[in-house]
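Next comes target.pdb, with PDB, C-alpha atoms.
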```pdb
ATOM      1  CA  MET R 190     -26.908 -73.076 -86.625
ATOM      2  CA  SER R 191     -30.304 -72.113 -87.973
ATOM      3  CA  ASP R 192     -30.539 -69.048 -90.164
ATOM      4  CA  SER R 193     -34.141 -68.473 -89.159
ATOM      5  CA  VAL R 194     -35.177 -65.342 -87.322
ATOM      6  CA  PRO R 195     -35.242 -65.935 -83.556
ATOM      7  CA  ALA R 196     -38.216 -65.160 -81.360
ATOM      8  CA  ASN R 197     -38.527 -61.407 -81.375
ATOM      9  CA  ASP R 198     -40.755 -58.505 -80.528
ATOM     10  CA  ASN R 199     -42.294 -58.393 -83.959
ATOM     11  CA  PRO R 200     -45.904 -59.529 -83.583
ATOM     12  CA  ASP R 201     -45.772 -60.869 -87.128
ATOM     13  CA  ASN R 202     -43.148 -63.581 -86.906
ATOM     14  CA  ASP R 203     -43.345 -64.191 -90.622
ATOM     15  CA  LYS R 204     -41.457 -60.963 -91.142
ATOM     16  CA  PRO R 205     -37.736 -60.591 -90.495
ATOM     17  CA  GLU R 206     -36.911 -58.613 -87.380
ATOM     18  CA  SER R 207     -35.935 -55.060 -88.212
ATOM     19  CA  ILE R 208     -32.865 -53.390 -86.721
ATOM     20  CA  GLN R 209     -35.156 -51.042 -84.823
ATOM     21  CA  GLU R 210     -37.074 -53.984 -83.349
ATOM     22  CA  LEU R 211     -33.771 -55.604 -82.422
ATOM     23  CA  ARG R 212     -32.598 -52.416 -80.669
ATOM     24  CA  ASN R 213     -35.898 -52.068 -78.855
ATOM     25  CA  SER R 214     -35.870 -55.692 -77.706
ATOM     26  CA  PHE R 215     -33.143 -54.896 -75.147
ATOM     27  CA  MET R 216     -35.421 -52.376 -73.439
ATOM     28  CA  TYR R 217     -38.055 -54.456 -71.661
ATOM     29  CA  GLY R 218     -38.499 -56.617 -74.749
ATOM     30  CA  SER R 219     -37.703 -60.213 -75.582
ATOM     31  CA  ARG R 220     -33.981 -59.627 -74.926
ATOM     32  CA  SER R 221     -34.446 -57.257 -72.010
ATOM     33  CA  ASP R 222     -31.097 -56.297 -70.480
ATOM     34  CA  LEU R 223     -31.079 -53.054 -68.547
ATOM     35  CA  ASN R 224     -27.324 -52.666 -69.060
ATOM     36  CA  PHE R 225     -28.057 -52.290 -72.763
ATOM     37  CA  LYS R 226     -31.512 -50.712 -72.873
ATOM     38  CA  PHE R 227     -29.794 -47.609 -74.204
ATOM     39  CA  THR R 228     -29.624 -49.287 -77.622
ATOM     40  CA  ARG R 229     -33.225 -48.171 -78.137
ATOM     41  CA  ASP R 230     -31.962 -44.604 -78.286
ATOM     42  CA  LEU R 231     -29.238 -45.244 -80.883
ATOM     43  CA  SER R 232     -29.835 -44.914 -84.600
ATOM     44  CA  ASP R 233     -29.525 -48.101 -86.645
ATOM     45  CA  ALA R 234     -26.148 -46.895 -87.919
ATOM     46  CA  GLU R 235     -24.947 -46.115 -84.402
ATOM     47  CA  PHE R 236     -26.123 -49.537 -83.239
ATOM     48  CA  GLY R 237     -24.028 -51.088 -86.004
ATOM     49  CA  ASP R 238     -20.991 -49.067 -84.945
ATOM     50  CA  PHE R 239     -21.564 -50.084 -81.313
ATOM     51  CA  LEU R 240     -21.711 -53.774 -82.210
ATOM     52  CA  SER R 241     -18.636 -53.439 -84.402
ATOM     53  CA  GLU R 242     -16.655 -51.857 -81.579
ATOM     54  CA  LEU R 243     -17.953 -54.425 -79.107
ATOM     55  CA  PHE R 244     -16.936 -57.321 -81.335
ATOM     56  CA  ALA R 245     -13.473 -55.836 -81.912
ATOM     57  CA  ALA R 246     -12.949 -55.298 -78.176
ATOM     58  CA  THR R 247     -14.127 -58.838 -77.431
ATOM     59  CA  ALA R 248     -11.588 -60.204 -79.911
ATOM     60  CA  ARG R 249      -8.831 -58.125 -78.320
ATOM     61  CA  VAL R 250      -9.759 -59.424 -74.872
ATOM     62  CA  ALA R 251      -9.731 -62.978 -76.226
ATOM     63  CA  ASP R 252      -6.131 -62.297 -77.280
ATOM     64  CA  GLY R 253      -5.110 -61.052 -73.871
ATOM     65  CA  ALA R 254      -6.175 -57.403 -73.751
ATOM     66  CA  ASP R 255      -7.610 -55.838 -70.603
ATOM     67  CA  PRO R 256     -11.240 -57.016 -70.063
ATOM     68  CA  LEU R 257     -12.068 -53.392 -69.294
ATOM     69  CA  ASP R 258     -11.799 -52.751 -73.052
ATOM     70  CA  VAL R 259     -15.216 -54.381 -73.459
ATOM     71  CA  VAL R 260     -16.678 -52.497 -70.518
ATOM     72  CA  ASP R 261     -15.310 -49.254 -71.909
ATOM     73  CA  VAL R 262     -17.039 -49.740 -75.265
ATOM     74  CA  ALA R 263     -20.384 -50.357 -73.577
ATOM     75  CA  TYR R 264     -19.815 -47.412 -71.222
ATOM     76  CA  ARG R 265     -18.962 -44.942 -73.998
ATOM     77  CA  TRP R 266     -22.038 -45.867 -76.034
ATOM     78  CA  GLN R 267     -24.207 -45.780 -72.921
ATOM     79  CA  VAL R 268     -23.013 -42.231 -72.241
ATOM     80  CA  GLN R 269     -23.569 -41.211 -75.849
ATOM     81  CA  ALA R 270     -27.079 -42.639 -75.882
ATOM     82  CA  TYR R 271     -28.216 -41.068 -72.607
ATOM     83  CA  ALA R 272     -26.301 -37.810 -72.492
ATOM     84  CA  GLY R 273     -26.103 -37.321 -76.247
ATOM     85  CA  HIS R 274     -29.671 -38.066 -77.167
ATOM     86  CA  LEU R 275     -31.525 -37.408 -73.939
ATOM     87  CA  GLY R 276     -29.469 -34.488 -72.671
ATOM     88  CA  ASP R 277     -31.048 -31.926 -74.960
ATOM     89  CA  PRO R 278     -32.627 -29.278 -72.705
ATOM     90  CA  LYS R 279     -35.668 -28.970 -74.954
ATOM     91  CA  ASP R 280     -36.408 -32.661 -74.402
ATOM     92  CA  PHE R 281     -35.864 -32.557 -70.647
ATOM     93  CA  PRO R 282     -39.179 -32.934 -68.844
ATOM     94  CA  HIS R 283     -38.435 -30.864 -65.735
ATOM     95  CA  ARG R 284     -37.972 -27.171 -65.203
ATOM     96  CA  LYS R 285     -34.690 -25.932 -63.859
ATOM     97  CA  ASP R 286     -34.891 -25.108 -60.169
ATOM     98  CA  ASP R 287     -33.211 -21.772 -59.490
ATOM     99  CA  THR R 288     -33.694 -21.934 -55.715
ATOM    100  CA  PRO R 289     -30.434 -20.722 -54.102
ATOM    101  CA  LEU R 290     -28.433 -23.573 -52.665
ATOM    102  CA  THR R 291     -28.451 -24.069 -48.922
ATOM    103  CA  ALA R 292     -25.098 -23.294 -47.355
ATOM    104  CA  PHE R 293     -23.347 -26.039 -45.422
ATOM    105  CA  THR R 294     -22.032 -24.190 -42.412
ATOM    106  CA  LYS R 295     -20.895 -26.969 -40.102
ATOM    107  CA  PRO R 296     -17.436 -28.530 -40.308
ATOM    108  CA  LEU R 297     -17.764 -31.946 -41.962
ATOM    109  CA  ASN R 298     -16.084 -33.620 -39.004
ATOM    110  CA  GLU R 299     -18.863 -32.317 -36.764
ATOM    111  CA  ALA R 300     -21.753 -32.871 -39.171
ATOM    112  CA  LYS R 301     -24.427 -35.572 -39.197
ATOM    113  CA  ILE R 302     -24.866 -37.012 -42.697
ATOM    114  CA  MET R 303     -27.903 -38.822 -44.126
ATOM    115  CA  VAL R 304     -27.901 -40.955 -47.285
ATOM    116  CA  LEU R 305     -30.846 -41.093 -49.684
ATOM    117  CA  THR R 306     -30.652 -43.230 -52.807
ATOM    118  CA  SER R 307     -33.096 -44.305 -55.498
ATOM    119  CA  SER R 308     -31.461 -47.740 -55.670
ATOM    120  CA  GLY R 309     -34.389 -49.838 -54.438
ATOM    121  CA  HIS R 310     -32.505 -51.369 -51.506
ATOM    122  CA  PHE R 311     -34.282 -52.592 -48.377
ATOM    123  CA  VAL R 312     -33.465 -54.658 -45.310
ATOM    124  CA  GLU R 313     -34.181 -58.382 -45.395
ATOM    125  CA  GLY R 314     -37.523 -58.861 -43.654
ATOM    126  CA  ASP R 315     -38.699 -55.319 -44.422
ATOM    127  CA  ASP R 316     -39.766 -55.753 -48.036
ATOM    128  CA  PRO R 317     -41.686 -52.673 -49.244
ATOM    129  CA  GLU R 318     -44.003 -55.161 -51.011
ATOM    130  CA  PRO R 319     -44.817 -53.175 -54.150
ATOM    131  CA  PHE R 320     -48.462 -53.553 -55.225
ATOM    132  CA  GLY R 321     -48.999 -55.677 -52.103
ATOM    133  CA  GLU R 322     -46.816 -58.490 -53.404
ATOM    134  CA  THR R 323     -44.347 -60.237 -51.146
ATOM    135  CA  ASN R 324     -41.014 -61.412 -52.515
ATOM    136  CA  MET R 325     -41.473 -59.839 -55.934
ATOM    137  CA  THR R 326     -38.629 -60.977 -58.172
ATOM    138  CA  GLN R 327     -36.355 -58.624 -60.069
ATOM    139  CA  ALA R 328     -37.710 -60.059 -63.324
ATOM    140  CA  GLU R 329     -41.269 -59.219 -62.278
ATOM    141  CA  ALA R 330     -40.222 -55.717 -61.239
ATOM    142  CA  GLU R 331     -38.774 -55.200 -64.713
ATOM    143  CA  SER R 332     -41.886 -56.570 -66.381
ATOM    144  CA  ARG R 333     -44.070 -54.164 -64.330
ATOM    145  CA  ILE R 334     -41.937 -51.074 -64.869
ATOM    146  CA  VAL R 335     -44.843 -49.071 -66.286
ATOM    147  CA  GLU R 336     -46.869 -49.729 -63.131
ATOM    148  CA  PHE R 337     -43.927 -48.646 -60.982
ATOM    149  CA  VAL R 338     -43.610 -45.388 -62.906
ATOM    150  CA  ARG R 339     -47.298 -44.682 -62.247
ATOM    151  CA  SER R 340     -47.240 -45.763 -58.597
ATOM    152  CA  GLU R 341     -46.499 -43.994 -55.328
ATOM    153  CA  ALA R 342     -42.927 -44.136 -54.063
ATOM    154  CA  SER R 343     -42.137 -46.044 -50.881
ATOM    155  CA  LEU R 344     -39.182 -45.022 -48.721
ATOM    156  CA  SER R 345     -37.316 -47.901 -47.073
ATOM    157  CA  ALA R 346     -35.461 -47.065 -43.859
ATOM    158  CA  ILE R 347     -32.146 -48.883 -43.592
ATOM    159  CA  PRO R 348     -30.425 -48.615 -40.191
ATOM    160  CA  VAL R 349     -26.887 -47.480 -40.940
ATOM    161  CA  ASP R 350     -25.371 -50.339 -38.945
ATOM    162  CA  THR R 351     -27.113 -52.951 -41.130
ATOM    163  CA  PRO R 352     -24.622 -55.566 -42.371
ATOM    164  CA  ALA R 353     -24.358 -55.701 -46.163
ATOM    165  CA  ALA R 354     -25.412 -59.353 -46.062
ATOM    166  CA  ASP R 355     -28.840 -58.284 -44.756
ATOM    167  CA  ILE R 356     -29.538 -55.792 -47.542
ATOM    168  CA  ARG R 357     -31.634 -56.706 -50.587
ATOM    169  CA  VAL R 358     -32.337 -54.839 -53.806
ATOM    170  CA  ARG R 359     -35.122 -54.844 -56.397
ATOM    171  CA  HIS R 360     -35.611 -52.167 -59.032
ATOM    172  CA  GLY R 361     -37.091 -52.539 -62.480
ATOM    173  CA  GLY R 362     -35.343 -49.518 -63.950
ATOM    174  CA  TYR R 363     -31.638 -50.271 -63.872
ATOM    175  CA  PRO R 364     -29.285 -53.276 -63.913
ATOM    176  CA  VAL R 365     -29.151 -54.335 -60.247
ATOM    177  CA  GLN R 366     -26.494 -57.041 -60.575
ATOM    178  CA  ALA R 367     -23.712 -54.893 -59.124
ATOM    179  CA  ALA R 368     -25.922 -53.470 -56.351
ATOM    180  CA  ALA R 369     -26.985 -56.996 -55.400
ATOM    181  CA  ILE R 370     -23.410 -58.317 -55.278
ATOM    182  CA  ASP R 371     -22.140 -55.317 -53.318
ATOM    183  CA  PRO R 372     -24.670 -52.737 -52.027
ATOM    184  CA  GLN R 373     -21.833 -50.276 -51.576
ATOM    185  CA  VAL R 374     -21.723 -49.562 -55.317
ATOM    186  CA  VAL R 375     -24.602 -47.201 -54.473
ATOM    187  CA  LEU R 376     -25.357 -47.497 -50.724
ATOM    188  CA  PRO R 377     -21.981 -46.898 -49.013
ATOM    189  CA  LEU R 378     -22.856 -47.652 -45.398
ATOM    190  CA  GLU R 379     -19.594 -49.373 -44.467
ATOM    191  CA  HIS R 380     -17.552 -46.562 -46.019
ATOM    192  CA  LEU R 381     -19.555 -43.922 -44.197
ATOM    193  CA  ARG R 382     -19.148 -45.756 -40.905
ATOM    194  CA  SER R 383     -15.394 -45.931 -41.471
ATOM    195  CA  LEU R 384     -15.317 -42.210 -42.306
ATOM    196  CA  VAL R 385     -17.003 -41.543 -38.975
ATOM    197  CA  ASP R 386     -14.445 -43.756 -37.226
ATOM    198  CA  ALA R 387     -11.658 -41.861 -38.999
ATOM    199  CA  GLY R 388     -13.059 -38.519 -37.863
ATOM    200  CA  VAL R 389     -13.809 -37.301 -41.403
ATOM    201  CA  ILE R 390     -17.560 -37.166 -40.729
ATOM    202  CA  GLY R 391     -19.074 -36.256 -37.387
ATOM    203  CA  SER R 392     -21.801 -38.893 -37.383
ATOM    204  CA  LEU R 393     -24.537 -40.563 -39.418
ATOM    205  CA  THR R 394     -28.283 -40.399 -39.042
ATOM    206  CA  GLU R 395     -29.916 -43.467 -37.514
ATOM    207  CA  ASN R 396     -31.216 -44.569 -40.910
ATOM    208  CA  ALA R 397     -30.238 -44.339 -44.541
ATOM    209  CA  TYR R 398     -33.121 -44.332 -47.034
ATOM    210  CA  SER R 399     -33.769 -45.958 -50.373
ATOM    211  CA  PHE R 400     -36.688 -46.046 -52.768
ATOM    212  CA  VAL R 401     -37.432 -47.315 -56.256
ATOM    213  CA  GLY R 402     -36.614 -44.323 -58.388
ATOM    214  CA  ALA R 403     -38.630 -45.579 -61.345
ATOM    215  CA  THR R 404     -41.599 -43.439 -60.461
ATOM    216  CA  ALA R 405     -43.114 -40.188 -61.646
ATOM    217  CA  GLN R 406     -40.329 -37.633 -61.200
ATOM    218  CA  GLY R 407     -42.512 -34.541 -61.030
ATOM    219  CA  HIS R 408     -44.668 -36.232 -58.419
ATOM    220  CA  ILE R 409     -41.583 -37.036 -56.352
ATOM    221  CA  LYS R 410     -40.424 -33.434 -56.505
ATOM    222  CA  ARG R 411     -43.791 -31.955 -55.526
ATOM    223  CA  THR R 412     -45.027 -34.530 -53.052
ATOM    224  CA  TYR R 413     -42.128 -36.465 -51.642
ATOM    225  CA  GLY R 414     -39.449 -33.775 -51.778
ATOM    226  CA  PRO R 415     -40.856 -31.758 -48.873
ATOM    227  CA  ALA R 416     -41.788 -34.892 -46.904
ATOM    228  CA  TRP R 417     -38.375 -36.477 -47.312
ATOM    229  CA  ALA R 418     -36.619 -33.211 -46.457
ATOM    230  CA  GLN R 419     -38.609 -33.346 -43.223
ATOM    231  CA  VAL R 420     -37.376 -36.916 -42.672
ATOM    232  CA  ALA R 421     -33.815 -35.592 -42.934
ATOM    233  CA  LYS R 422     -34.591 -32.857 -40.421
ATOM    234  CA  ASP R 423     -36.278 -35.310 -38.089
ATOM    235  CA  GLN R 424     -33.177 -37.499 -38.262
ATOM    236  CA  GLY R 425     -31.083 -34.496 -37.272
ATOM    237  CA  ALA R 426     -29.169 -34.424 -40.549
ATOM    238  CA  ASP R 427     -26.909 -31.481 -41.317
ATOM    239  CA  ALA R 428     -26.572 -32.560 -44.968
ATOM    240  CA  VAL R 429     -27.798 -35.280 -47.296
ATOM    241  CA  LEU R 430     -25.730 -37.396 -49.671
ATOM    242  CA  LEU R 431     -28.011 -38.119 -52.637
ATOM    243  CA  ILE R 432     -27.155 -41.068 -54.851
ATOM    244  CA  PRO R 433     -29.630 -41.341 -57.724
ATOM    245  CA  ILE R 434     -29.162 -44.526 -59.681
TER     246      ILE R 434
ATOM    247  CA  MET Z 131     -31.063 -28.850 -46.397
ATOM    248  CA  PRO Z 132     -27.551 -28.903 -47.921
ATOM    249  CA  THR Z 133     -27.141 -31.719 -50.434
ATOM    250  CA  VAL Z 134     -24.541 -33.262 -52.693
ATOM    251  CA  SER Z 135     -25.416 -35.732 -55.447
ATOM    252  CA  VAL Z 136     -23.429 -38.455 -57.205
ATOM    253  CA  TYR Z 137     -24.387 -39.231 -60.806
ATOM    254  CA  VAL Z 138     -22.917 -41.592 -63.377
ATOM    255  CA  LYS Z 139     -21.823 -39.788 -66.519
ATOM    256  CA  SER Z 140     -24.706 -41.178 -68.565
ATOM    257  CA  PHE Z 141     -26.940 -38.942 -66.464
ATOM    258  CA  GLY Z 142     -24.332 -36.249 -65.911
ATOM    259  CA  HIS Z 143     -26.429 -33.744 -67.868
ATOM    260  CA  ILE Z 144     -29.183 -33.799 -65.254
ATOM    261  CA  PRO Z 145     -27.563 -31.636 -62.504
ATOM    262  CA  GLU Z 146     -27.174 -28.669 -64.864
ATOM    263  CA  LEU Z 147     -30.644 -29.112 -66.366
ATOM    264  CA  MET Z 148     -32.265 -29.316 -62.931
ATOM    265  CA  GLY Z 149     -30.070 -26.715 -61.267
ATOM    266  CA  LEU Z 150     -28.853 -29.057 -58.540
ATOM    267  CA  SER Z 151     -26.606 -27.543 -55.897
ATOM    268  CA  ARG Z 152     -23.520 -29.757 -55.766
ATOM    269  CA  SER Z 153     -22.869 -32.801 -57.928
ATOM    270  CA  LEU Z 154     -20.065 -35.250 -58.570
ATOM    271  CA  ILE Z 155     -20.085 -37.109 -61.893
ATOM    272  CA  THR Z 156     -18.369 -40.499 -62.078
ATOM    273  CA  GLN Z 157     -17.099 -42.161 -65.243
ATOM    274  CA  HIS Z 158     -18.807 -45.392 -64.272
ATOM    275  CA  PRO Z 159     -21.400 -47.566 -66.031
ATOM    276  CA  MET Z 160     -25.036 -47.200 -65.055
ATOM    277  CA  GLY Z 161     -25.830 -49.034 -61.812
ATOM    278  CA  ARG Z 162     -22.325 -48.553 -60.362
ATOM    279  CA  PRO Z 163     -22.188 -44.851 -59.400
ATOM    280  CA  LEU Z 164     -19.568 -45.302 -56.660
ATOM    281  CA  GLY Z 165     -17.483 -48.019 -58.302
ATOM    282  CA  ALA Z 166     -17.359 -51.676 -59.216
ATOM    283  CA  PRO Z 167     -18.506 -54.376 -56.780
ATOM    284  CA  GLY Z 168     -15.680 -55.080 -54.374
ATOM    285  CA  ASP Z 169     -13.735 -51.929 -55.279
ATOM    286  CA  GLY Z 170     -14.002 -50.465 -51.793
ATOM    287  CA  GLU Z 171     -11.082 -48.127 -52.336
ATOM    288  CA  ARG Z 172     -12.775 -46.429 -55.296
ATOM    289  CA  GLN Z 173     -16.193 -46.395 -53.629
ATOM    290  CA  ARG Z 174     -14.788 -44.691 -50.553
ATOM    291  CA  SER Z 175     -12.789 -42.193 -52.652
ATOM    292  CA  VAL Z 176     -15.943 -41.185 -54.515
ATOM    293  CA  VAL Z 177     -17.866 -40.753 -51.267
ATOM    294  CA  GLU Z 178     -15.097 -38.630 -49.739
ATOM    295  CA  HIS Z 179     -14.853 -36.525 -52.889
ATOM    296  CA  ALA Z 180     -18.606 -35.972 -52.918
ATOM    297  CA  LEU Z 181     -18.711 -34.981 -49.258
ATOM    298  CA  SER Z 182     -15.840 -32.540 -49.818
ATOM    299  CA  LEU Z 183     -18.117 -30.605 -52.189
ATOM    300  CA  LEU Z 184     -20.582 -29.804 -49.400
ATOM    301  CA  GLY Z 185     -18.580 -26.718 -48.497
ATOM    302  CA  ARG Z 186     -19.100 -25.155 -51.928
ATOM    303  CA  THR Z 187     -21.263 -22.060 -51.828
ATOM    304  CA  GLU Z 188     -22.079 -21.886 -55.557
ATOM    305  CA  GLN Z 189     -23.532 -24.478 -57.899
ATOM    306  CA  THR Z 190     -20.838 -27.090 -58.435
ATOM    307  CA  ILE Z 191     -20.663 -29.882 -61.006
ATOM    308  CA  GLU Z 192     -17.390 -31.730 -60.810
ATOM    309  CA  GLU Z 193     -16.180 -34.915 -62.511
ATOM    310  CA  PHE Z 194     -14.380 -37.620 -60.554
ATOM    311  CA  PRO Z 195     -11.081 -37.739 -62.427
ATOM    312  CA  GLU Z 196     -10.503 -41.482 -62.706
ATOM    313  CA  ALA Z 197     -12.060 -43.969 -65.110
ATOM    314  CA  TYR Z 198     -13.976 -47.076 -64.076
ATOM    315  CA  ARG Z 199     -11.823 -49.982 -63.005
ATOM    316  CA  LEU Z 200     -12.177 -53.519 -61.754
ATOM    317  CA  PRO Z 201     -10.769 -54.456 -58.335
TER     318      PRO Z 201
END
```

Conversion result in structure tokens:
Amino acid sequence: MSDSVPANDNPDNDKPESIQELRNSFMYGSRSDLNFKFTRDLSDAEFGDFLSELFAATARVADGADPLDVVDVAYRWQVQAYAGHLGDPKDFPHRKDDTPLTAFTKPLNEAKIMVLTSSGHFVEGDDPEPFGETNMTQAEAESRIVEFVRSEASLSAIPVDTPAADIRVRHGGYPVQAAAIDPQVVLPLEHLRSLVDAGVIGSLTENAYSFVGATAQGHIKRTYGPAWAQVAKDQGADAVLLIPI
Amino acid sequence: MPTVSVYVKSFGHIPELMGLSRSLITQHPMGRPLGAPGDGERQRSVVEHALSLLGRTEQTIEEFPEAYRLP
């Protein structure tokens, strides 16, 4: 095995890659992996501790331990990075909304429920075609994440009786592997239909809705919030299940 | 419009910071808010739990009590 420095995000390849550059490379860099983009927000020391724990868990799994041990290490550091570093109120970019909550007055078994998620799902044949492009790949969506953040959001209507096999996903802001294998990790149409059949929910709106949540959040709140609330009213919804990704 | 939100724990700080009405936090990795692929039992449990919060009349942030699992 070569001991040379691999291709990295350092523009000067004559220099060794720093730990910070290594951490950053997982977030839309040369090693982009959205499951691990949180490493950008760890300190170098924390990154070392994360790798140490990950290696130890991998060795345990190799010796017969529960594979979830590895997942748990990644999960705990993901939580620490996002909630620990980004959860500081002074760093949060949005003002707290103190609007009183709207009471839900109808029995759930009589209510019509709508689903809205920021997962980036759409129905096969109804591609939202971001930036006018057809069949944009997931890799391209990730590479154009900055453009997505600056672009207008597009709401995809997904009829609630759509078979899972007809649902596609593309989103440059989160790891979509799970949502591509099984849309119900975030878009639970089959479960909601079965809850209607079981009499737990009264009914579902004609459509569920999904959009690419990697877009300007303040703009969504000011511009799309009222419009999408009207969509829910137009669909006859009594309540909305929101599943941000 | 009454709403209930489901967040993974990595973003579980957002409902309080934004003053959301009703939220359920799951101990799941990012990208799997309702459960692992193929874990229909967990996904449905999370959905039912979330919908049960709709009746709350004060701001509610509740954590789904079970850890992530593989089917």

>> I need the chain R residues near chain Z as a VMD selection string; criterion: at most 7 Å, counting only C-alpha atoms.
In response: chain R and resid 264 267 to 268 271 to 272 276 278 283 to 287 290 to 293 363 to 365 367 370 to 371 374 to 375 380 428 to 434

>> Quick one: residues within 7 Å of R:Ser392, only C-alpha atoms, excluding same-chain residues fewer than 5 positions away - as JSON, numbers by chain?
In response: {"R": [300, 301, 302, 385]}

>> One number please: atom CA of R:Pro415 to atom CA of Z:Thr190, in Å, one decimal.
In response: 22.7 Å

>> Residue by residue, what does the PyMOL selection byres ((chain R and resi 356) around 9) grab here? Present the result as a list in words.
In response: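 Applying the expression gives His310, Phe311, Val312, Glu313, Ile347, Thr351, Pro352, Ala353, Ala354, Asp355, Arg357, Val358, Ala369 and Pro372 of chain R.
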
Go ahead and save the residues from that selection, with C-alpha atoms, as a compact mmCIF listing (two decimals), in the frame of the given file.
```
# COMPACT_ATOMS: atom_id res chain seq x y z
CA HIS R 310 -32.51 -51.37 -51.51
CA PHE R 311 -34.28 -52.59 -48.38
CA VAL R 312 -33.47 -54.66 -45.31
CA GLU R 313 -34.18 -58.38 -45.40
CA ILE R 347 -32.15 -48.88 -43.59
CA THR R 351 -27.11 -52.95 -41.13
CA PRO R 352 -24.62 -55.57 -42.37
CA ALA R 353 -24.36 -55.70 -46.16
CA ALA R 354 -25.41 -59.35 -46.06
CA ASP R 355 -28.84 -58.28 -44.76
CA ARG R 357 -31.63 -56.71 -50.59
CA VAL R 358 -32.34 -54.84 -53.81
CA ALA R 369 -26.98 -57.00 -55.40
CA PRO R 372 -24.67 -52.74 -52.03
```

>> One number please: atom CA of R:Gly414 to atom CA of R:Ala342, in Å, one decimal.
In response: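 One can read the atom CA of R:Gly414 to atom CA of R:Ala342 distance as 11.2 Å.
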
Carefully work through the PyMOL selection byres ((chain R and resi 224-234) around 9) for this structure and note down the residues it includes, as an mmCIF file with C-alpha atoms, in the coordinates of the input.
```
data_model
loop_
_atom_site.group_PDB
_atom_site.id
_atom_site.type_symbol
_atom_site.label_atom_id
_atom_site.label_comp_id
_atom_site.auth_asym_id
_atom_site.auth_seq_id
_atom_site.Cartn_x
_atom_site.Cartn_y
_atom_site.Cartn_z
ATOM 1 C CA ILE R 208 -32.865 -53.390 -86.721
ATOM 2 C CA GLN R 209 -35.156 -51.042 -84.823
ATOM 3 C CA GLU R 210 -37.074 -53.984 -83.349
ATOM 4 C CA LEU R 211 -33.771 -55.604 -82.422
ATOM 5 C CA ARG R 212 -32.598 -52.416 -80.669
ATOM 6 C CA ASN R 213 -35.898 -52.068 -78.855
ATOM 7 C CA SER R 214 -35.870 -55.692 -77.706
ATOM 8 C CA PHE R 215 -33.143 -54.896 -75.147
ATOM 9 C CA MET R 216 -35.421 -52.376 -73.439
ATOM 10 C CA TYR R 217 -38.055 -54.456 -71.661
ATOM 11 C CA SER R 221 -34.446 -57.257 -72.010
ATOM 12 C CA ASP R 222 -31.097 -56.297 -70.480
ATOM 13 C CA LEU R 223 -31.079 -53.054 -68.547
ATOM 14 C CA GLU R 235 -24.947 -46.115 -84.402
ATOM 15 C CA PHE R 236 -26.123 -49.537 -83.239
ATOM 16 C CA GLY R 237 -24.028 -51.088 -86.004
ATOM 17 C CA ASP R 238 -20.991 -49.067 -84.945
ATOM 18 C CA PHE R 239 -21.564 -50.084 -81.313
ATOM 19 C CA ALA R 263 -20.384 -50.357 -73.577
ATOM 20 C CA TRP R 266 -22.038 -45.867 -76.034
ATOM 21 C CA GLN R 267 -24.207 -45.780 -72.921
ATOM 22 C CA VAL R 268 -23.013 -42.231 -72.241
ATOM 23 C CA GLN R 269 -23.569 -41.211 -75.849
ATOM 24 C CA ALA R 270 -27.079 -42.639 -75.882
ATOM 25 C CA TYR R 271 -28.216 -41.068 -72.607
ATOM 26 C CA HIS R 274 -29.671 -38.066 -77.167
ATOM 27 C CA LEU R 275 -31.525 -37.408 -73.939
ATOM 28 C CA TYR R 363 -31.638 -50.271 -63.872
ATOM 29 C CA PRO R 364 -29.285 -53.276 -63.913
ATOM 30 C CA PRO Z 159 -21.400 -47.566 -66.031
ATOM 31 C CA MET Z 160 -25.036 -47.200 -65.055
ATOM 32 C CA GLY Z 161 -25.830 -49.034 -61.812
#
```

>> What's the separation between atom CA of R:Gly391 and atom CA of R:Lys295, in Å to one decimal place?
In response: 9.8 Å

> Within 7 Å of stretch 326-335 of chain R, counting only C-alpha atoms, which residues qualify if same-chain residues fewer than 2 places away don't, as a list in words?
Replying inline: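 The residues that qualify are Tyr217, Asn324, Phe337, Val338, Arg339, Arg359, His360, Gly361 and Gly362 of chain R.
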
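With distances restricted to all atoms listed in the file, R:Leu384 is the closest residue to R:Glu299 from R:Leu384, R:Leu344, R:Ala421, R:Ala403.
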
> Once the PyMOL selection byres ((chain R and resi 402) around 7) has been applied to the shown file, what residues remain in the selection, as a PyMOL selection string?
Replying inline: chain R and resi 307-308+400-401+403-404
